[in-house]
$ cat input.cif   # mmCIF, C-alpha atoms, pLDDT in the B column; chains and numbers go by the auth columns
data_query
loop_
_atom_site.group_PDB
_atom_site.id
_atom_site.type_symbol
_atom_site.label_atom_id
_atom_site.label_comp_id
_atom_site.label_asym_id
_atom_site.label_seq_id
_atom_site.Cartn_x
_atom_site.Cartn_y
_atom_site.Cartn_z
_atom_site.B_iso_or_equiv
_atom_site.auth_seq_id
_atom_site.auth_asym_id
ATOM 1 C CA MET A 1 0.000 0.000 0.000 54.00 1 S
ATOM 2 C CA THR A 2 1.394 3.358 -0.940 56.00 2 S
ATOM 3 C CA GLU A 3 1.680 6.239 1.438 56.00 3 S
ATOM 4 C CA ASP A 4 -1.042 8.056 -0.518 56.00 4 S
ATOM 5 C CA ASN A 5 -3.445 5.119 -0.147 55.00 5 S
ATOM 6 C CA VAL A 6 -2.736 4.884 3.609 50.00 6 S
ATOM 7 C CA SER A 7 -3.511 8.571 3.985 50.00 7 S
ATOM 8 C CA ARG A 8 -6.774 8.147 2.067 55.00 8 S
ATOM 9 C CA ASN A 9 -7.702 5.123 4.142 56.00 9 S
ATOM 10 C CA ILE A 10 -7.034 6.986 7.405 52.00 10 S
ATOM 11 C CA PHE A 11 -8.940 10.014 6.082 51.00 11 S
ATOM 12 C CA THR A 12 -11.894 7.787 5.091 56.00 12 S
ATOM 13 C CA GLN A 13 -11.907 6.165 8.534 53.00 13 S
ATOM 14 C CA MET A 14 -11.806 9.566 10.191 50.00 14 S
ATOM 15 C CA MET A 15 -14.710 10.793 8.067 52.00 15 S
ATOM 16 C CA ASN A 16 -16.745 7.688 8.923 55.00 16 S
ATOM 17 C CA TYR A 17 -15.941 8.147 12.616 51.00 17 S
ATOM 18 C CA GLU A 18 -16.938 11.802 12.528 50.00 18 S
ATOM 19 C CA LEU A 19 -20.110 10.910 10.685 51.00 19 S
ATOM 20 C CA LYS A 20 -20.999 8.270 13.309 51.00 20 S
ATOM 21 C CA TYR A 21 -20.203 10.710 16.073 52.00 21 S
ATOM 22 C CA THR A 22 -22.406 13.339 14.437 64.00 22 S
ATOM 23 C CA LYS A 23 -25.295 10.867 14.129 64.00 23 S
ATOM 24 C CA MET A 24 -24.952 9.852 17.779 66.00 24 S
ATOM 25 C CA GLU A 25 -24.734 13.455 18.841 68.00 25 S
ATOM 26 C CA TYR A 26 -27.803 14.221 16.723 60.00 26 S
ATOM 27 C CA ILE A 27 -29.743 11.397 18.391 70.00 27 S
ATOM 28 C CA ARG A 28 -28.630 12.631 21.813 69.00 28 S
ATOM 29 C CA ILE A 29 -29.855 16.154 20.963 67.00 29 S
ATOM 30 C CA ILE A 30 -33.225 14.810 19.808 68.00 30 S
ATOM 31 C CA VAL A 31 -33.650 12.743 22.981 67.00 31 S
ATOM 32 C CA LEU A 32 -32.692 15.709 25.178 64.00 32 S
ATOM 33 C CA ASN A 33 -35.145 17.962 23.321 60.00 33 S
ATOM 34 C CA ILE A 34 -37.944 15.447 23.783 66.00 34 S
ATOM 35 C CA LEU A 35 -37.171 15.244 27.505 62.00 35 S
ATOM 36 C CA TRP A 36 -37.058 19.037 27.716 58.00 36 S
ATOM 37 C CA MET A 37 -40.461 19.316 26.029 57.00 37 S
ATOM 38 C CA LEU A 38 -41.939 16.773 28.436 56.00 38 S
ATOM 39 C CA LEU A 39 -40.566 18.708 31.392 54.00 39 S
ATOM 40 C CA ALA A 40 -41.851 21.989 29.961 49.00 40 S
ATOM 41 C CA VAL A 41 -45.468 20.848 30.258 45.00 41 S
ATOM 42 C CA PRO A 42 -47.174 23.420 32.485 41.00 42 S
ATOM 43 C CA THR A 43 -46.778 22.559 36.138 45.00 43 S
ATOM 44 C CA PHE A 44 -48.996 23.878 38.859 48.00 44 S
ATOM 45 C CA ALA A 45 -47.715 25.980 41.723 68.00 45 S
ATOM 46 C CA TYR A 46 -50.339 24.468 43.987 83.00 46 S
ATOM 47 C CA ASN A 47 -51.354 20.982 45.128 90.00 47 S
ATOM 48 C CA PHE A 48 -55.130 21.397 45.143 93.00 48 S
ATOM 49 C CA GLU A 49 -58.002 23.895 44.973 91.00 49 S
ATOM 50 C CA VAL A 50 -61.050 24.136 47.244 94.00 50 S
ATOM 51 C CA ASP A 51 -63.802 26.741 46.850 92.00 51 S
ATOM 52 C CA GLY A 52 -61.667 28.993 44.665 90.00 52 S
ATOM 53 C CA LEU A 53 -58.607 29.043 46.964 92.00 53 S
ATOM 54 C CA TYR A 54 -55.370 27.261 46.068 92.00 54 S
ATOM 55 C CA TYR A 55 -53.284 25.320 48.578 94.00 55 S
ATOM 56 C CA ASN A 56 -49.817 23.787 48.919 93.00 56 S
ATOM 57 C CA ILE A 57 -49.347 20.852 51.254 94.00 57 S
ATOM 58 C CA ILE A 58 -46.524 21.759 53.657 94.00 58 S
ATOM 59 C CA SER A 59 -46.718 18.765 56.039 94.00 59 S
ATOM 60 C CA ASP A 60 -48.844 15.662 56.607 94.00 60 S
ATOM 61 C CA ASN A 61 -51.766 17.686 57.924 96.00 61 S
ATOM 62 C CA GLU A 62 -50.952 21.343 57.156 96.00 62 S
ATOM 63 C CA VAL A 63 -51.395 23.541 54.093 96.00 63 S
ATOM 64 C CA GLU A 64 -50.620 27.077 53.039 95.00 64 S
ATOM 65 C CA VAL A 65 -52.829 29.283 50.908 94.00 65 S
ATOM 66 C CA THR A 66 -51.060 30.143 47.657 91.00 66 S
ATOM 67 C CA ASN A 67 -51.906 31.642 44.296 86.00 67 S
ATOM 68 C CA ARG A 68 -52.862 29.987 41.026 80.00 68 S
ATOM 69 C CA ASN A 69 -49.770 29.116 38.960 74.00 69 S
ATOM 70 C CA ASN A 70 -47.795 32.086 40.299 69.00 70 S
ATOM 71 C CA GLU A 71 -50.324 34.491 38.799 69.00 71 S
ATOM 72 C CA GLN A 72 -50.457 37.949 40.326 72.00 72 S
ATOM 73 C CA GLY A 73 -53.961 39.171 41.000 71.00 73 S
ATOM 74 C CA SER A 74 -55.536 35.729 40.650 76.00 74 S
ATOM 75 C CA TYR A 75 -58.152 36.376 43.365 84.00 75 S
ATOM 76 C CA SER A 76 -61.062 38.831 43.538 85.00 76 S
ATOM 77 C CA GLY A 77 -64.248 39.452 45.530 87.00 77 S
ATOM 78 C CA GLU A 78 -64.846 38.698 49.208 89.00 78 S
ATOM 79 C CA LEU A 79 -62.138 36.553 50.763 89.00 79 S
ATOM 80 C CA ASN A 80 -62.845 33.875 53.349 90.00 80 S
ATOM 81 C CA ILE A 81 -59.828 31.853 54.450 93.00 81 S
ATOM 82 C CA PRO A 82 -60.993 28.700 56.254 95.00 82 S
ATOM 83 C CA THR A 83 -59.369 27.069 59.272 96.00 83 S
ATOM 84 C CA ASN A 84 -59.507 23.600 57.673 96.00 84 S
ATOM 85 C CA VAL A 85 -59.833 22.209 54.150 97.00 85 S
ATOM 86 C CA THR A 86 -60.398 18.703 52.827 96.00 86 S
ATOM 87 C CA SER A 87 -58.861 17.274 49.667 94.00 87 S
ATOM 88 C CA ASN A 88 -59.198 13.667 48.493 93.00 88 S
ATOM 89 C CA GLY A 89 -60.786 12.732 51.811 95.00 89 S
ATOM 90 C CA LYS A 90 -57.896 14.121 53.882 96.00 90 S
ATOM 91 C CA ASN A 91 -58.365 17.035 56.266 96.00 91 S
ATOM 92 C CA TYR A 92 -55.696 19.750 56.458 97.00 92 S
ATOM 93 C CA VAL A 93 -55.238 22.704 58.819 97.00 93 S
ATOM 94 C CA VAL A 94 -54.527 26.052 57.129 97.00 94 S
ATOM 95 C CA THR A 95 -51.425 27.272 59.010 97.00 95 S
ATOM 96 C CA LYS A 96 -49.800 29.642 56.553 96.00 96 S
ATOM 97 C CA ILE A 97 -50.598 32.266 53.961 95.00 97 S
ATOM 98 C CA GLY A 98 -47.776 31.814 51.484 92.00 98 S
ATOM 99 C CA ASN A 99 -45.398 34.369 50.015 91.00 99 S
ATOM 100 C CA PHE A 100 -47.191 36.488 47.386 90.00 100 S
ATOM 101 C CA ALA A 101 -50.402 34.460 47.879 91.00 101 S
ATOM 102 C CA PHE A 102 -52.676 37.466 47.249 91.00 102 S
ATOM 103 C CA TYR A 103 -50.066 39.790 45.739 90.00 103 S
ATOM 104 C CA ASN A 104 -51.625 42.522 43.582 88.00 104 S
ATOM 105 C CA CYS A 105 -55.129 41.143 44.061 88.00 105 S
ATOM 106 C CA SER A 106 -56.646 44.614 43.933 86.00 106 S
ATOM 107 C CA GLY A 107 -60.016 43.000 43.170 88.00 107 S
ATOM 108 C CA LEU A 108 -60.298 41.630 46.708 88.00 108 S
ATOM 109 C CA THR A 109 -62.970 43.557 48.600 88.00 109 S
ATOM 110 C CA GLY A 110 -64.357 43.959 52.101 87.00 110 S
ATOM 111 C CA SER A 111 -62.946 42.967 55.462 86.00 111 S
ATOM 112 C CA LEU A 112 -60.732 39.966 56.058 87.00 112 S
ATOM 113 C CA THR A 113 -60.173 38.055 59.274 88.00 113 S
ATOM 114 C CA ILE A 114 -57.160 35.762 59.325 90.00 114 S
ATOM 115 C CA PRO A 115 -58.292 32.527 61.039 93.00 115 S
ATOM 116 C CA ASN A 116 -56.717 31.484 64.323 93.00 116 S
ATOM 117 C CA SER A 117 -55.139 28.408 62.703 96.00 117 S
ATOM 118 C CA VAL A 118 -52.740 30.618 60.718 95.00 118 S
ATOM 119 C CA THR A 119 -49.337 31.142 62.350 94.00 119 S
ATOM 120 C CA THR A 120 -47.423 32.671 59.416 94.00 120 S
ATOM 121 C CA ILE A 121 -48.207 35.327 56.827 92.00 121 S
ATOM 122 C CA GLY A 122 -45.616 35.231 54.055 91.00 122 S
ATOM 123 C CA GLU A 123 -43.747 38.028 52.312 90.00 123 S
ATOM 124 C CA ALA A 124 -45.926 40.393 50.276 89.00 124 S
ATOM 125 C CA ALA A 125 -48.893 38.100 50.936 91.00 125 S
ATOM 126 C CA PHE A 126 -51.425 40.947 50.730 89.00 126 S
ATOM 127 C CA SER A 127 -49.288 43.617 49.091 87.00 127 S
ATOM 128 C CA GLY A 128 -51.289 45.516 46.486 86.00 128 S
ATOM 129 C CA CYS A 129 -54.688 44.416 47.836 86.00 129 S
ATOM 130 C CA SER A 130 -56.067 47.940 47.706 82.00 130 S
ATOM 131 C CA GLY A 131 -59.712 46.824 47.790 84.00 131 S
ATOM 132 C CA LEU A 132 -59.535 45.350 51.294 83.00 132 S
ATOM 133 C CA THR A 133 -61.037 47.771 53.794 80.00 133 S
ATOM 134 C CA SER A 134 -59.635 46.059 56.906 80.00 134 S
ATOM 135 C CA VAL A 135 -57.635 43.021 57.956 83.00 135 S
ATOM 136 C CA THR A 136 -57.953 41.440 61.392 83.00 136 S
ATOM 137 C CA ILE A 137 -55.065 39.235 62.433 83.00 137 S
ATOM 138 C CA ASP A 138 -55.617 36.801 65.279 78.00 138 S
ATOM 139 C CA ASN A 139 -53.011 36.445 68.011 79.00 139 S
ATOM 140 C CA SER A 140 -52.083 33.004 66.689 87.00 140 S
ATOM 141 C CA VAL A 141 -49.959 34.663 63.986 87.00 141 S
ATOM 142 C CA LYS A 142 -46.334 34.528 65.115 87.00 142 S
ATOM 143 C CA GLU A 143 -44.588 35.644 61.922 88.00 143 S
ATOM 144 C CA ILE A 144 -45.461 38.282 59.340 87.00 144 S
ATOM 145 C CA GLY A 145 -43.188 38.546 56.310 85.00 145 S
ATOM 146 C CA SER A 146 -41.841 41.803 54.929 82.00 146 S
ATOM 147 C CA ALA A 147 -44.137 43.975 52.796 80.00 147 S
ATOM 148 C CA SER A 148 -47.100 41.728 53.655 82.00 148 S
ATOM 149 C CA PHE A 149 -49.497 44.659 53.458 80.00 149 S
ATOM 150 C CA THR A 150 -49.552 48.055 51.787 74.00 150 S
ATOM 151 C CA LEU A 151 -51.265 51.262 52.787 66.00 151 S
ATOM 152 C CA THR A 152 -53.150 52.876 49.933 66.00 152 S
ATOM 153 C CA ASN A 153 -54.862 56.154 49.113 66.00 153 S
ATOM 154 C CA LEU A 154 -52.864 58.189 51.601 68.00 154 S
ATOM 155 C CA ALA A 155 -53.081 61.972 51.498 72.00 155 S
ATOM 156 C CA TYR A 156 -49.945 63.994 50.729 73.00 156 S
ATOM 157 C CA GLY A 157 -48.332 65.943 53.527 75.00 157 S
ATOM 158 C CA THR A 158 -50.064 63.883 56.205 76.00 158 S
ATOM 159 C CA THR A 159 -48.318 62.136 59.075 76.00 159 S
ATOM 160 C CA TYR A 160 -49.547 58.631 59.823 73.00 160 S
ATOM 161 C CA TYR A 161 -48.837 56.497 62.884 71.00 161 S
ATOM 162 C CA VAL A 162 -48.786 52.731 62.681 72.00 162 S
ATOM 163 C CA CYS A 163 -48.791 50.546 65.760 68.00 163 S
ATOM 164 C CA ALA A 164 -48.934 46.774 66.107 68.00 164 S
ATOM 165 C CA TYR A 165 -50.542 45.067 69.062 65.00 165 S
ATOM 166 C CA VAL A 166 -50.822 41.576 70.505 65.00 166 S
ATOM 167 C CA VAL A 167 -53.681 40.249 72.588 63.00 167 S
ATOM 168 C CA SER A 168 -52.597 37.551 75.024 68.00 168 S
ATOM 169 C CA ALA A 169 -53.513 36.172 78.437 74.00 169 S
ATOM 170 C CA ALA A 170 -51.492 39.049 79.891 78.00 170 S
ATOM 171 C CA GLY A 171 -53.698 41.570 78.098 76.00 171 S
ATOM 172 C CA ILE A 172 -53.099 43.829 75.123 74.00 172 S
ATOM 173 C CA GLN A 173 -49.533 44.830 74.391 74.00 173 S
ATOM 174 C CA TYR A 174 -48.723 47.570 71.886 71.00 174 S
ATOM 175 C CA SER A 175 -45.557 48.167 69.920 73.00 175 S
ATOM 176 C CA ASP A 176 -43.959 51.577 69.776 75.00 176 S
ATOM 177 C CA PRO A 177 -45.695 53.598 67.081 73.00 177 S
ATOM 178 C CA VAL A 178 -43.908 54.173 63.823 74.00 178 S
ATOM 179 C CA SER A 179 -44.697 57.389 61.994 73.00 179 S
ATOM 180 C CA PHE A 180 -44.216 58.529 58.445 71.00 180 S
ATOM 181 C CA THR A 181 -45.256 61.583 56.467 74.00 181 S
ATOM 182 C CA THR A 182 -46.302 61.292 52.854 71.00 182 S
ATOM 183 C CA VAL A 183 -44.625 63.541 50.291 70.00 183 S
ATOM 184 C CA ASN A 184 -45.226 64.158 46.626 65.00 184 S
ATOM 185 C CA ASP A 185 -41.986 62.676 45.345 58.00 185 S
ATOM 186 C CA TRP A 186 -43.053 59.076 44.914 53.00 186 S
ATOM 187 C CA PRO A 187 -41.414 57.604 41.765 55.00 187 S
ATOM 188 C CA GLY A 188 -43.494 58.595 38.775 54.00 188 S
ATOM 189 C CA GLY A 189 -45.377 61.290 40.700 51.00 189 S
ATOM 190 C CA ASP A 190 -48.280 58.914 41.241 51.00 190 S
ATOM 191 C CA ASP A 191 -51.250 60.283 43.193 50.00 191 S
ATOM 192 C CA ASN A 192 -51.669 56.972 45.011 50.00 192 S
ATOM 193 C CA VAL A 193 -48.859 56.618 47.553 47.00 193 S
ATOM 194 C CA THR A 194 -48.486 52.999 48.680 48.00 194 S
ATOM 195 C CA PRO A 195 -45.599 52.404 51.064 47.00 195 S
ATOM 196 C CA GLY A 196 -45.266 48.810 52.249 46.00 196 S
ATOM 197 C CA ILE A 197 -45.388 47.813 55.885 45.00 197 S
#
$ encode --input "input.cif" --output "structure tokens"
Amino acid sequence: MTEDNVSRNIFTQMMNYELKYTKMEYIRIIVLNILWMLLAVPTFAYNFEVDGLYYNIISDNEVEVTNRNNEQGSYSGELNIPTNVTSNGKNYVVTKIGNFAFYNCSGLTGSLTIPNSVTTIGEAAFSGCSGLTSVTIDNSVKEIGSASFTLTNLAYGTTYYVCAYVVSAAGIQYSDPVSFTTVNDWPGGDDNVTPGI
């Protein structure tokens, strides 16, 4: 065999190897794309729904209220958070209102009482719920996340005082008041000042 023929033979083998490698790589890409498409099927950000509220199971017998598929503003109307819910024959205690559960649900209206089974209100849980006229939080709540509520429709140049309180066997205990004064330099010059608390 001449040196030229050996070179051609090696070149032909290399081309066949590269071709096989390309076919295998192509098959691998197709399989990975199929898996990716199967994983991209819409998943739900909640475990179940009862009476228009969405819940995540957080332990064997506890759930948190959440939103529908991470949608902002997915709730409207009067809001009634129950103490217990049942799904597939199993009873759960509602112990938490999840992060962003009612975020930007400006269509929520009326008064809301957080049930005494709830111990945690997550971050920004009610932020942007400008239609709620009042929220009553039972003394069972031990943790309130940052920016859980917003104050809306505040007048410019007015000083407001906010005070938290706890009702316990020892009586009512108040926090030190926090004050703030609204000014007309909110970003965008909006007439509706909404600082978070």
$ closest_residue --input "input.cif" --among "S:Gly110, S:Gly128, S:Pro115, S:Gly122" --to "Leu79 of chain S" --atoms "all atoms listed in the file"
S:Gly110
$ residues_near_point --input "input.cif" --point "(-54.5, 28.8, 46.2)" --cutoff "10 Å" --atoms "only C-alpha atoms" --output "list of chain:residue names"
S:Ala45, S:Tyr46, S:Asn47, S:Phe48, S:Glu49, S:Val50, S:Asp51, S:Gly52, S:Leu53, S:Tyr54, S:Tyr55, S:Asn56, S:Val63, S:Glu64, S:Val65, S:Thr66, S:Asn67, S:Arg68, S:Asn69, S:Asn70, S:Ser74, S:Tyr75, S:Ile97, S:Gly98, S:Ala101, S:Phe102
$ resolve_selection --input "input.cif" --expression "the PyMOL selection byres ((chain S and resi 77) around 10)" --output "number ranges by chain"
S: 75-76, 78-80, 105-110, 131-132
$ atom_distance --input "input.cif" --atom1 "atom CA of Ser140 of chain S" --atom2 "atom CA of Tyr174 of chain S"
15.8 Å
$ atom_distance --input "input.cif" --atom1 "atom CA of Ile58 of chain S" --atom2 "atom CA of Thr86 of chain S"
14.2 Å
$ resolve_selection --input "input.cif" --expression "the PyMOL selection byres ((chain S and resi 178) around 6)" --output "PyMOL selection string"
chain S and resi 161-162+177+179
$ write_last_selection --input "input.cif" --atoms "C-alpha atoms" --output "short mmCIF file (atom, residue, chain, number, x, y, z; two decimals), in the frame of the given file"
data_model
loop_
_atom_site.label_atom_id
_atom_site.label_comp_id
_atom_site.auth_asym_id
_atom_site.auth_seq_id
_atom_site.Cartn_x
_atom_site.Cartn_y
_atom_site.Cartn_z
CA TYR S 161 -48.84 56.50 62.88
CA VAL S 162 -48.79 52.73 62.68
CA PRO S 177 -45.70 53.60 67.08
CA SER S 179 -44.70 57.39 61.99
#
$ resolve_selection --input "input.cif" --expression "the PyMOL selection byres ((chain S and resi 72) around 6)" --output "number ranges by chain"
S: 71, 73-74, 103-104
$ build_atoms --input "input.cif" --residues "segment 71-92 of chain S" --atoms "N, CA and C atoms" --output "mmCIF file, keeping the file's coordinate frame"
data_model
loop_
_atom_site.group_PDB
_atom_site.id
_atom_site.type_symbol
_atom_site.label_atom_id
_atom_site.label_comp_id
_atom_site.auth_asym_id
_atom_site.auth_seq_id
_atom_site.Cartn_x
_atom_site.Cartn_y
_atom_site.Cartn_z
ATOM 1 N N GLU S 71 -49.668 33.363 39.462
ATOM 2 C CA GLU S 71 -50.324 34.491 38.799
ATOM 3 C C GLU S 71 -50.598 35.604 39.814
ATOM 4 N N GLN S 72 -50.131 36.788 39.495
ATOM 5 C CA GLN S 72 -50.457 37.949 40.326
ATOM 6 C C GLN S 72 -51.916 38.311 40.088
ATOM 7 N N GLY S 73 -52.583 38.710 41.142
ATOM 8 C CA GLY S 73 -53.961 39.171 41.000
ATOM 9 C C GLY S 73 -54.943 38.079 40.651
ATOM 10 N N SER S 74 -54.670 36.835 41.054
ATOM 11 C CA SER S 74 -55.536 35.729 40.650
ATOM 12 C C SER S 74 -56.779 35.568 41.523
ATOM 13 N N TYR S 75 -56.966 36.429 42.512
ATOM 14 C CA TYR S 75 -58.152 36.376 43.365
ATOM 15 C C TYR S 75 -58.906 37.694 43.294
ATOM 16 N N SER S 76 -60.245 37.619 43.465
ATOM 17 C CA SER S 76 -61.062 38.831 43.538
ATOM 18 C C SER S 76 -62.315 38.531 44.352
ATOM 19 N N GLY S 77 -63.027 39.600 44.746
ATOM 20 C CA GLY S 77 -64.248 39.452 45.530
ATOM 21 C C GLY S 77 -63.969 39.336 47.019
ATOM 22 N N GLU S 78 -64.982 38.905 47.765
ATOM 23 C CA GLU S 78 -64.846 38.698 49.208
ATOM 24 C C GLU S 78 -63.926 37.506 49.448
ATOM 25 N N LEU S 79 -63.100 37.611 50.463
ATOM 26 C CA LEU S 79 -62.138 36.553 50.763
ATOM 27 C C LEU S 79 -62.464 35.932 52.109
ATOM 28 N N ASN S 80 -62.606 34.611 52.115
ATOM 29 C CA ASN S 80 -62.845 33.875 53.349
ATOM 30 C C ASN S 80 -61.827 32.743 53.409
ATOM 31 N N ILE S 81 -60.846 32.892 54.290
ATOM 32 C CA ILE S 81 -59.828 31.853 54.450
ATOM 33 C C ILE S 81 -60.304 30.915 55.554
ATOM 34 N N PRO S 82 -60.495 29.633 55.238
ATOM 35 C CA PRO S 82 -60.993 28.700 56.254
ATOM 36 C C PRO S 82 -59.888 28.239 57.204
ATOM 37 N N THR S 83 -60.297 27.649 58.304
ATOM 38 C CA THR S 83 -59.369 27.069 59.272
ATOM 39 C C THR S 83 -58.888 25.705 58.783
ATOM 40 N N ASN S 84 -59.799 24.954 58.168
ATOM 41 C CA ASN S 84 -59.507 23.600 57.673
ATOM 42 C C ASN S 84 -60.018 23.446 56.252
ATOM 43 N N VAL S 85 -59.360 22.581 55.484
ATOM 44 C CA VAL S 85 -59.833 22.209 54.150
ATOM 45 C C VAL S 85 -59.668 20.702 53.985
ATOM 46 N N THR S 86 -60.479 20.132 53.106
ATOM 47 C CA THR S 86 -60.398 18.703 52.827
ATOM 48 C C THR S 86 -60.143 18.500 51.346
ATOM 49 N N SER S 87 -59.172 17.633 51.047
ATOM 50 C CA SER S 87 -58.861 17.274 49.667
ATOM 51 C C SER S 87 -58.633 15.773 49.603
ATOM 52 N N ASN S 88 -59.302 15.126 48.662
ATOM 53 C CA ASN S 88 -59.198 13.667 48.493
ATOM 54 C C ASN S 88 -59.439 12.922 49.806
ATOM 55 N N GLY S 89 -60.418 13.393 50.573
ATOM 56 C CA GLY S 89 -60.786 12.732 51.811
ATOM 57 C C GLY S 89 -59.864 13.000 52.989
ATOM 58 N N LYS S 90 -58.841 13.818 52.800
ATOM 59 C CA LYS S 90 -57.896 14.121 53.882
ATOM 60 C C LYS S 90 -58.108 15.545 54.356
ATOM 61 N N ASN S 91 -58.157 15.719 55.667
ATOM 62 C CA ASN S 91 -58.365 17.035 56.266
ATOM 63 C C ASN S 91 -57.015 17.691 56.556
ATOM 64 N N TYR S 92 -56.914 18.979 56.228
ATOM 65 C CA TYR S 92 -55.696 19.750 56.458
ATOM 66 C C TYR S 92 -56.044 21.010 57.248
#
